[in-house]
Amino acid sequence: MTTRFDACMSAPFGRLGIRVADGHVVRIEYLPPGDELLAPRDAVSRETCRQLARYLDDPQATFDLPLRPGGSPFRQRVWEALTRIPAGEVLTYGELAQQLGTVARPVGGACGANPIPPVVPCHRVISASGLGGFMGRTDGHPMQVKQWLLAHEGVAL
DNA sequence: ATCAGGTCTCAAG
DNA sequence: CTTGAGACCTGAT
């Protein structure tokens with residue numbers, strides 16, 4: 001694997017890889033079980049792990065981390081809107097798009113480009129006809145993670 | 001500037 | 001259920 005992380009922690013659905021730069025979280029990735037664990041290399045990574053662990057234990061826990069979102073202003077607006085969705089609630093791409101004055105497809109694009117899940121809860125956005133897709137597929141490990149997270153927050157499928 | 005593709009959606013066959 | 005067209009943003013050409 002070419003990607004390096006500043007921490008990699010265990011989770012019920014696999015692993016969470018954390019990347020930090022200049023004291024800001026710049027990326028979190030869902031990794032499959034069995035991936036190599038890595039102790040946090042700095043204070044921000046350690047704090048991120050702590051809050052992630054707390055969320056994995058209690059879905060109502062909120063995040064308070066220094067994030068550095070890349071991407072276009074549009075995507076940042078989408079991500080900010082995502083963070084305002086309460087735990088246990090879900091919106092459709094269409095509804096979220098309506099709030100932002102756009103349509104569903106670009107919202108899906110922004111969700112797919114979300115670099116910091118589950119701090120930015122892209123998993124709380126589903127399609128109008130079911131769970132929707134995930135990276136072009138309706139199965140695979142990322143999809144299982146999405147399902148786990150929704151179940152974790154008490155969302156009935 | 002143009003083109004293809006994306007975690008979509010709705011209507012029609 | 002499958003198909004087709006619509007709508008908007010991003011990244012590559």
# chains A, B, ... in the order shown; residues from 1 in each chain; ligands from 1
$ residues_around --residues "Ala151 (chain A)" --least-positions-apart "2" --cutoff "12 Å" --atoms "only C-alpha atoms (C1' of nucleotides)" --output "VMD selection string"
chain A and resid 13 56 59 87 to 90 123 to 124 144 to 149 153 to 157
$ closest_atom_pairs --of "chain A" --to "chain B" --cutoff "10 Å" --atoms "only C-alpha atoms (C1' of nucleotides)" --output "JSON lines"
{"residue": "A:Thr92", "atom": "CA", "partner": "B:DC8", "partner_atom": "C1'", "distance": 9.3}
{"residue": "A:Tyr93", "atom": "CA", "partner": "B:DC8", "partner_atom": "C1'", "distance": 6.9}
{"residue": "A:Gly94", "atom": "CA", "partner": "B:DC8", "partner_atom": "C1'", "distance": 7.3}
{"residue": "A:Val103", "atom": "CA", "partner": "B:DC8", "partner_atom": "C1'", "distance": 8.2}
{"residue": "A:Ala104", "atom": "CA", "partner": "B:DC8", "partner_atom": "C1'", "distance": 5.1}
{"residue": "A:Arg105", "atom": "CA", "partner": "B:DC8", "partner_atom": "C1'", "distance": 4.9}
{"residue": "A:Pro106", "atom": "CA", "partner": "B:DG6", "partner_atom": "C1'", "distance": 7.5}
{"residue": "A:Val107", "atom": "CA", "partner": "B:DC8", "partner_atom": "C1'", "distance": 8.6}
{"residue": "A:Gly108", "atom": "CA", "partner": "B:DT7", "partner_atom": "C1'", "distance": 5.3}
{"residue": "A:Gly109", "atom": "CA", "partner": "B:DG6", "partner_atom": "C1'", "distance": 5.5}
{"residue": "A:Ala110", "atom": "CA", "partner": "B:DT7", "partner_atom": "C1'", "distance": 9.2}
{"residue": "A:Cys111", "atom": "CA", "partner": "B:DT7", "partner_atom": "C1'", "distance": 6.9}
{"residue": "A:Gly112", "atom": "CA", "partner": "B:DT7", "partner_atom": "C1'", "distance": 6.1}
{"residue": "A:Ala113", "atom": "CA", "partner": "B:DT7", "partner_atom": "C1'", "distance": 9.9}
{"residue": "A:Cys122", "atom": "CA", "partner": "B:DT7", "partner_atom": "C1'", "distance": 9.0}
{"residue": "A:His123", "atom": "CA", "partner": "B:DT7", "partner_atom": "C1'", "distance": 9.2}
{"residue": "A:Val125", "atom": "CA", "partner": "B:DT7", "partner_atom": "C1'", "distance": 8.6}
{"residue": "A:Ile126", "atom": "CA", "partner": "B:DT7", "partner_atom": "C1'", "distance": 7.6}
{"residue": "A:Ser127", "atom": "CA", "partner": "B:DC8", "partner_atom": "C1'", "distance": 7.0}
{"residue": "A:Ala128", "atom": "CA", "partner": "B:DT9", "partner_atom": "C1'", "distance": 7.6}
{"residue": "A:Ser129", "atom": "CA", "partner": "B:DT9", "partner_atom": "C1'", "distance": 9.2}
{"residue": "A:Leu131", "atom": "CA", "partner": "B:DT7", "partner_atom": "C1'", "distance": 9.0}
{"residue": "A:Gly132", "atom": "CA", "partner": "B:DT7", "partner_atom": "C1'", "distance": 6.3}
{"residue": "A:Gly133", "atom": "CA", "partner": "B:DT7", "partner_atom": "C1'", "distance": 4.6}
{"residue": "A:Phe134", "atom": "CA", "partner": "B:DT7", "partner_atom": "C1'", "distance": 4.4}
{"residue": "A:Met135", "atom": "CA", "partner": "B:DT7", "partner_atom": "C1'", "distance": 6.0}
{"residue": "A:Gly136", "atom": "CA", "partner": "B:DT7", "partner_atom": "C1'", "distance": 7.1}
{"residue": "A:Arg137", "atom": "CA", "partner": "B:DT7", "partner_atom": "C1'", "distance": 8.5}
{"residue": "A:Thr138", "atom": "CA", "partner": "B:DT7", "partner_atom": "C1'", "distance": 9.2}
{"residue": "A:Met143", "atom": "CA", "partner": "B:DT7", "partner_atom": "C1'", "distance": 9.8}
$ write_last_selection --atoms "C-alpha atoms" --output "JSON list (two decimals), in the first residue's frame"
[["chain", "number", "residue", "atom", "x", "y", "z"],
["A", 92, "THR", "CA", -31.70, 11.47, 0.87],
["A", 93, "TYR", "CA", -29.32, 12.95, -1.66],
["A", 94, "GLY", "CA", -32.25, 14.82, -3.14],
["A", 103, "VAL", "CA", -29.45, 18.47, -7.33],
["A", 104, "ALA", "CA", -28.67, 14.99, -6.12],
["A", 105, "ARG", "CA", -25.82, 13.95, -8.36],
["A", 106, "PRO", "CA", -23.22, 16.54, -7.38],
["A", 107, "VAL", "CA", -24.10, 15.85, -3.75],
["A", 108, "GLY", "CA", -23.30, 12.21, -4.33],
["A", 109, "GLY", "CA", -20.04, 13.28, -5.89],
["A", 110, "ALA", "CA", -19.16, 15.37, -2.86],
["A", 111, "CYS", "CA", -20.01, 12.51, -0.52],
["A", 112, "GLY", "CA", -17.82, 10.19, -2.50],
["A", 113, "ALA", "CA", -14.99, 12.69, -2.21],
["A", 122, "CYS", "CA", -21.54, 10.78, 4.61],
["A", 123, "HIS", "CA", -23.09, 7.48, 5.71],
["A", 125, "VAL", "CA", -27.02, 10.22, 3.31],
["A", 126, "ILE", "CA", -28.79, 7.50, 1.37],
["A", 127, "SER", "CA", -30.56, 7.25, -1.94],
["A", 128, "ALA", "CA", -34.30, 7.81, -2.31],
["A", 129, "SER", "CA", -34.82, 4.13, -3.03],
["A", 131, "LEU", "CA", -29.37, 2.43, 0.90],
["A", 132, "GLY", "CA", -28.04, 3.53, -2.43],
["A", 133, "GLY", "CA", -24.65, 2.72, -3.81],
["A", 134, "PHE", "CA", -21.17, 3.11, -2.60],
["A", 135, "MET", "CA", -18.28, 3.61, -4.97],
["A", 136, "GLY", "CA", -20.21, 2.13, -7.82],
["A", 137, "ARG", "CA", -21.26, -0.97, -5.96],
["A", 138, "THR", "CA", -23.87, -2.14, -3.53],
["A", 143, "MET", "CA", -20.69, -0.81, 2.06]]
$ closest_atom_pairs --of "chain C" --to "chain A" --cutoff "10 Å" --atoms "only C-alpha atoms (C1' of nucleotides)" --output "JSON lines"
{"residue": "C:DA7", "atom": "C1'", "partner": "A:Val103", "partner_atom": "CA", "distance": 6.3}
{"residue": "C:DC8", "atom": "C1'", "partner": "A:Pro106", "partner_atom": "CA", "distance": 5.8}
{"residue": "C:DC9", "atom": "C1'", "partner": "A:Pro106", "partner_atom": "CA", "distance": 5.2}
{"residue": "C:DT10", "atom": "C1'", "partner": "A:Gly109", "partner_atom": "CA", "distance": 8.2}
$ atom_distance --atom1 "CA of Asp64 (chain A)" --atom2 "CA of Thr48 (chain A)"
8.8 Å
$ select_by_dssp --residues "region 4-135 of chain A" --states "helix (DSSP H, G or I)" --output "PyMOL selection string"
chain A and resi 43-57+73-83+93-100+104-112+122-124
$ write_last_selection --atoms "N, CA and C atoms" --output "short mmCIF file (atom, residue, chain, number, x, y, z; two decimals), in the first residue's frame"
data_model
loop_
_atom_site.label_atom_id
_atom_site.label_comp_id
_atom_site.auth_asym_id
_atom_site.auth_seq_id
_atom_site.Cartn_x
_atom_site.Cartn_y
_atom_site.Cartn_z
N ALA A 43 -0.02 14.17 19.06
CA ALA A 43 -1.15 14.49 19.94
C ALA A 43 -2.46 14.52 19.16
N VAL A 44 -2.45 15.06 17.97
CA VAL A 44 -3.68 15.16 17.20
C VAL A 44 -4.18 13.77 16.81
N SER A 45 -3.28 12.91 16.38
CA SER A 45 -3.66 11.55 16.05
C SER A 45 -4.24 10.84 17.26
N ARG A 46 -3.60 11.06 18.40
CA ARG A 46 -4.05 10.40 19.61
C ARG A 46 -5.45 10.86 19.99
N GLU A 47 -5.66 12.17 19.91
CA GLU A 47 -6.97 12.73 20.23
C GLU A 47 -8.03 12.23 19.24
N THR A 48 -7.65 12.13 17.99
CA THR A 48 -8.58 11.64 16.97
C THR A 48 -8.99 10.21 17.28
N CYS A 49 -8.03 9.38 17.61
CA CYS A 49 -8.33 7.99 17.98
C CYS A 49 -9.27 7.95 19.17
N ARG A 50 -9.01 8.81 20.14
CA ARG A 50 -9.82 8.83 21.35
C ARG A 50 -11.28 9.15 21.03
N GLN A 51 -11.48 10.18 20.21
CA GLN A 51 -12.84 10.58 19.89
C GLN A 51 -13.52 9.57 18.97
N LEU A 52 -12.76 8.95 18.09
CA LEU A 52 -13.33 7.91 17.23
C LEU A 52 -13.78 6.73 18.09
N ALA A 53 -12.93 6.35 19.04
CA ALA A 53 -13.26 5.24 19.92
C ALA A 53 -14.52 5.55 20.71
N ARG A 54 -14.63 6.81 21.15
CA ARG A 54 -15.80 7.22 21.92
C ARG A 54 -17.06 7.13 21.06
N TYR A 55 -16.93 7.54 19.80
CA TYR A 55 -18.07 7.46 18.88
C TYR A 55 -18.46 6.01 18.61
N LEU A 56 -17.48 5.15 18.48
CA LEU A 56 -17.75 3.74 18.23
C LEU A 56 -18.48 3.11 19.42
N ASP A 57 -18.25 3.71 20.59
CA ASP A 57 -18.91 3.22 21.79
C ASP A 57 -20.28 3.87 21.96
N PRO A 73 -15.09 24.82 -2.75
CA PRO A 73 -16.04 25.44 -1.82
C PRO A 73 -17.36 24.71 -1.79
N PHE A 74 -17.79 24.25 -2.94
CA PHE A 74 -19.05 23.52 -3.01
C PHE A 74 -19.00 22.28 -2.13
N ARG A 75 -17.93 21.52 -2.26
CA ARG A 75 -17.81 20.29 -1.46
C ARG A 75 -17.71 20.61 0.02
N GLN A 76 -17.01 21.66 0.35
CA GLN A 76 -16.91 22.03 1.77
C GLN A 76 -18.28 22.38 2.32
N ARG A 77 -19.10 23.00 1.48
CA ARG A 77 -20.44 23.35 1.92
C ARG A 77 -21.26 22.08 2.16
N VAL A 78 -21.10 21.12 1.28
CA VAL A 78 -21.82 19.85 1.44
C VAL A 78 -21.37 19.17 2.73
N TRP A 79 -20.07 19.14 2.96
CA TRP A 79 -19.55 18.45 4.15
C TRP A 79 -20.01 19.14 5.43
N GLU A 80 -20.07 20.45 5.37
CA GLU A 80 -20.51 21.18 6.56
C GLU A 80 -21.98 20.86 6.85
N ALA A 81 -22.76 20.75 5.77
CA ALA A 81 -24.16 20.40 5.93
C ALA A 81 -24.29 19.00 6.52
N LEU A 82 -23.39 18.12 6.13
CA LEU A 82 -23.43 16.75 6.64
C LEU A 82 -23.21 16.72 8.14
N THR A 83 -22.30 17.53 8.61
CA THR A 83 -21.99 17.52 10.05
C THR A 83 -23.16 18.02 10.88
N TYR A 93 -30.16 12.05 -0.88
CA TYR A 93 -29.32 12.95 -1.66
C TYR A 93 -30.16 14.12 -2.18
N GLY A 94 -31.36 13.81 -2.60
CA GLY A 94 -32.25 14.82 -3.14
C GLY A 94 -32.58 15.89 -2.11
N GLU A 95 -32.88 15.47 -0.87
CA GLU A 95 -33.26 16.43 0.16
C GLU A 95 -32.09 17.33 0.53
N LEU A 96 -30.95 16.71 0.71
CA LEU A 96 -29.76 17.49 1.03
C LEU A 96 -29.45 18.47 -0.10
N ALA A 97 -29.63 17.99 -1.31
CA ALA A 97 -29.39 18.85 -2.47
C ALA A 97 -30.33 20.05 -2.46
N GLN A 98 -31.55 19.80 -2.05
CA GLN A 98 -32.55 20.88 -2.03
C GLN A 98 -32.13 21.96 -1.04
N GLN A 99 -31.61 21.54 0.10
CA GLN A 99 -31.15 22.50 1.10
C GLN A 99 -30.01 23.36 0.57
N LEU A 100 -29.22 22.77 -0.30
CA LEU A 100 -28.05 23.47 -0.81
C LEU A 100 -28.32 24.16 -2.14
N ALA A 104 -29.21 16.13 -6.85
CA ALA A 104 -28.67 14.99 -6.12
C ALA A 104 -27.28 14.54 -6.56
N ARG A 105 -27.05 14.53 -7.83
CA ARG A 105 -25.82 13.95 -8.36
C ARG A 105 -24.55 14.61 -7.83
N PRO A 106 -24.42 15.90 -7.92
CA PRO A 106 -23.22 16.54 -7.38
C PRO A 106 -23.06 16.28 -5.89
N VAL A 107 -24.18 16.16 -5.18
CA VAL A 107 -24.10 15.85 -3.75
C VAL A 107 -23.47 14.48 -3.56
N GLY A 108 -23.89 13.54 -4.38
CA GLY A 108 -23.30 12.21 -4.33
C GLY A 108 -21.81 12.27 -4.61
N GLY A 109 -21.45 13.12 -5.56
CA GLY A 109 -20.04 13.28 -5.89
C GLY A 109 -19.25 13.81 -4.71
N ALA A 110 -19.83 14.78 -4.02
CA ALA A 110 -19.16 15.37 -2.86
C ALA A 110 -19.03 14.35 -1.74
N CYS A 111 -20.06 13.55 -1.55
CA CYS A 111 -20.01 12.51 -0.52
C CYS A 111 -18.91 11.50 -0.85
N GLY A 112 -18.84 11.14 -2.09
CA GLY A 112 -17.82 10.19 -2.50
C GLY A 112 -16.43 10.74 -2.30
N CYS A 122 -20.96 11.00 5.93
CA CYS A 122 -21.54 10.78 4.61
C CYS A 122 -22.43 9.54 4.63
N HIS A 123 -22.27 8.70 5.66
CA HIS A 123 -23.09 7.48 5.71
C HIS A 123 -24.53 7.79 6.08
N ARG A 124 -24.81 9.02 6.53
CA ARG A 124 -26.18 9.38 6.88
C ARG A 124 -26.95 9.88 5.67
#
$ atom_distance --atom1 "CA of Ala21 (chain A)" --atom2 "CA of Phe63 (chain A)"
18.1 Å
$ atom_distance --atom1 "CA of Leu150 (chain A)" --atom2 "CA of Pro118 (chain A)"
11.0 Å
$ decode --residues "region 102-118 of chain A" --atoms "N, CA, C and O atoms" --output "PDB file, in the first residue's frame"
ATOM      1  N   THR A 102     -29.143  22.686  -5.027  1.00  0.00           N
ATOM      2  CA  THR A 102     -28.577  21.982  -6.171  1.00  0.00           C
ATOM      3  C   THR A 102     -29.341  20.681  -6.368  1.00  0.00           C
ATOM      4  O   THR A 102     -30.449  20.537  -5.868  1.00  0.00           O
ATOM      5  N   VAL A 103     -28.763  19.732  -7.084  1.00  0.00           N
ATOM      6  CA  VAL A 103     -29.448  18.466  -7.330  1.00  0.00           C
ATOM      7  C   VAL A 103     -28.637  17.308  -6.743  1.00  0.00           C
ATOM      8  O   VAL A 103     -27.537  17.501  -6.219  1.00  0.00           O
ATOM      9  N   ALA A 104     -29.205  16.133  -6.854  1.00  0.00           N
ATOM     10  CA  ALA A 104     -28.671  14.994  -6.118  1.00  0.00           C
ATOM     11  C   ALA A 104     -27.279  14.543  -6.561  1.00  0.00           C
ATOM     12  O   ALA A 104     -26.424  14.235  -5.739  1.00  0.00           O
ATOM     13  N   ARG A 105     -27.049  14.533  -7.834  1.00  0.00           N
ATOM     14  CA  ARG A 105     -25.817  13.949  -8.365  1.00  0.00           C
ATOM     15  C   ARG A 105     -24.547  14.608  -7.835  1.00  0.00           C
ATOM     16  O   ARG A 105     -23.641  13.917  -7.361  1.00  0.00           O
ATOM     17  N   PRO A 106     -24.416  15.897  -7.923  1.00  0.00           N
ATOM     18  CA  PRO A 106     -23.224  16.538  -7.377  1.00  0.00           C
ATOM     19  C   PRO A 106     -23.063  16.281  -5.887  1.00  0.00           C
ATOM     20  O   PRO A 106     -21.924  16.214  -5.395  1.00  0.00           O
ATOM     21  N   VAL A 107     -24.178  16.159  -5.177  1.00  0.00           N
ATOM     22  CA  VAL A 107     -24.095  15.854  -3.747  1.00  0.00           C
ATOM     23  C   VAL A 107     -23.471  14.479  -3.560  1.00  0.00           C
ATOM     24  O   VAL A 107     -22.601  14.283  -2.702  1.00  0.00           O
ATOM     25  N   GLY A 108     -23.887  13.539  -4.384  1.00  0.00           N
ATOM     26  CA  GLY A 108     -23.298  12.211  -4.334  1.00  0.00           C
ATOM     27  C   GLY A 108     -21.810  12.274  -4.613  1.00  0.00           C
ATOM     28  O   GLY A 108     -21.008  11.602  -3.975  1.00  0.00           O
ATOM     29  N   GLY A 109     -21.452  13.115  -5.565  1.00  0.00           N
ATOM     30  CA  GLY A 109     -20.041  13.283  -5.887  1.00  0.00           C
ATOM     31  C   GLY A 109     -19.248  13.807  -4.712  1.00  0.00           C
ATOM     32  O   GLY A 109     -18.150  13.342  -4.424  1.00  0.00           O
ATOM     33  N   ALA A 110     -19.831  14.779  -4.016  1.00  0.00           N
ATOM     34  CA  ALA A 110     -19.155  15.368  -2.856  1.00  0.00           C
ATOM     35  C   ALA A 110     -19.027  14.349  -1.735  1.00  0.00           C
ATOM     36  O   ALA A 110     -17.990  14.273  -1.073  1.00  0.00           O
ATOM     37  N   CYS A 111     -20.063  13.548  -1.548  1.00  0.00           N
ATOM     38  CA  CYS A 111     -20.010  12.506  -0.519  1.00  0.00           C
ATOM     39  C   CYS A 111     -18.911  11.502  -0.848  1.00  0.00           C
ATOM     40  O   CYS A 111     -18.173  11.072   0.031  1.00  0.00           O
ATOM     41  N   GLY A 112     -18.837  11.145  -2.088  1.00  0.00           N
ATOM     42  CA  GLY A 112     -17.816  10.193  -2.497  1.00  0.00           C
ATOM     43  C   GLY A 112     -16.427  10.736  -2.299  1.00  0.00           C
ATOM     44  O   GLY A 112     -15.469   9.996  -2.095  1.00  0.00           O
ATOM     45  N   ALA A 113     -16.297  12.061  -2.347  1.00  0.00           N
ATOM     46  CA  ALA A 113     -14.992  12.693  -2.207  1.00  0.00           C
ATOM     47  C   ALA A 113     -14.701  13.067  -0.768  1.00  0.00           C
ATOM     48  O   ALA A 113     -13.658  13.636  -0.474  1.00  0.00           O
ATOM     49  N   ASN A 114     -15.614  12.753   0.138  1.00  0.00           N
ATOM     50  CA  ASN A 114     -15.426  13.058   1.547  1.00  0.00           C
ATOM     51  C   ASN A 114     -14.164  12.388   2.091  1.00  0.00           C
ATOM     52  O   ASN A 114     -14.081  11.177   2.125  1.00  0.00           O
ATOM     53  N   PRO A 115     -13.198  13.183   2.518  1.00  0.00           N
ATOM     54  CA  PRO A 115     -11.921  12.628   2.954  1.00  0.00           C
ATOM     55  C   PRO A 115     -11.909  12.221   4.417  1.00  0.00           C
ATOM     56  O   PRO A 115     -10.964  11.571   4.866  1.00  0.00           O
ATOM     57  N   ILE A 116     -12.903  12.610   5.190  1.00  0.00           N
ATOM     58  CA  ILE A 116     -12.846  12.403   6.631  1.00  0.00           C
ATOM     59  C   ILE A 116     -14.085  11.744   7.205  1.00  0.00           C
ATOM     60  O   ILE A 116     -14.791  12.329   7.999  1.00  0.00           O
ATOM     61  N   PRO A 117     -14.381  10.524   6.798  1.00  0.00           N
ATOM     62  CA  PRO A 117     -15.463   9.801   7.465  1.00  0.00           C
ATOM     63  C   PRO A 117     -14.939   9.141   8.731  1.00  0.00           C
ATOM     64  O   PRO A 117     -13.743   8.875   8.792  1.00  0.00           O
ATOM     65  N   PRO A 118     -15.720   8.857   9.753  1.00  0.00           N
ATOM     66  CA  PRO A 118     -17.125   9.233   9.862  1.00  0.00           C
ATOM     67  C   PRO A 118     -17.310  10.573  10.576  1.00  0.00           C
ATOM     68  O   PRO A 118     -18.414  10.884  10.982  1.00  0.00           O
TER      69      PRO A 118
END
